[in-house]
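A.B. asks: Just passing along the structure, written as structure tokens.
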Amino acid sequence: MVNDKIIREIYETLESRRDNPIDSYTSNIMKDTNKLAEDKILEKIGEETAEVIIASKNNNDLVNESADLIFHTLLLLVYKGISLDELLDEFEKRHK
């Protein structure tokens, strides 16, 4: 079982790639300072959402496709400047 700290590590890596760009997929997709970057990220989320649906319907590769969707959702949150703690607080509120 993977330690749940991996989500925080991924989030911190995404923040680092946003703040200190390198030649990587995540840095490149967040590079545009106009709406193009957001549009690219949203397009990926739409694409990954469709892939999750297809994987679920076909009973095929749902875990992999779900990881892609969650990754791109985290990427959007980082791009929009939303902290991981804000997300986790929302989950905590809903859990009560």
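How things are named: the first chain in the structure tokens is A, the next is B, and so on; residues count from 1 in each chain; ligands count from 1 in the order shown.
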Could you give me, as a ChimeraX atom specification, each residue of chain A that DSSP assigns to alpha helix (DSSP H) when run on this structure's backbone?
C.D. replies: /A:5-19,25-30,35-57,62-79,84-95
A.B. asks: Excluding range 20-33 of chain A and any residue of its chain fewer than 4 positions from it, enumerate the residues within 10 Å of it, using only C-alpha atoms, and give them as a list in words.
C.D. replies: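 Once the nearby chain positions are removed, what remains is Thr13, Leu14, Glu15, Ser16, Ala37, Glu38, Asp39, Lys40, Ile41, His72, Leu75, Leu76, Val78, Tyr79 and Lys80 of chain A.
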A.B. asks: Between A:Val52, A:Ala67, A:Leu36, A:Ile45, which residue has the minimum interatomic distance to Ile7 in chain A, considering only C-alpha atoms?
C.D. replies: A:Ala67
A.B. asks: How many Å separate CA of Ile54 in chain A from CA of Phe71 in chain A?
C.D. replies: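 About the pair CA of Ile54 in chain A and CA of Phe71 in chain A: they are 17.9 Å apart.
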A.B. asks: Need to verify the contact set: Ala50 in chain A, 12 Å, only C-alpha atoms, exclusion of same-chain residues closer than 4 positions in sequence. Can you return it as a ChimeraX atom specification?
C.D. replies: /A:43-46,54-57,62,65-66,68-69
A.B. asks: By how many Å are CA of Arg94 in chain A and CA of Asn64 in chain A apart?
C.D. replies: 25.9 Å
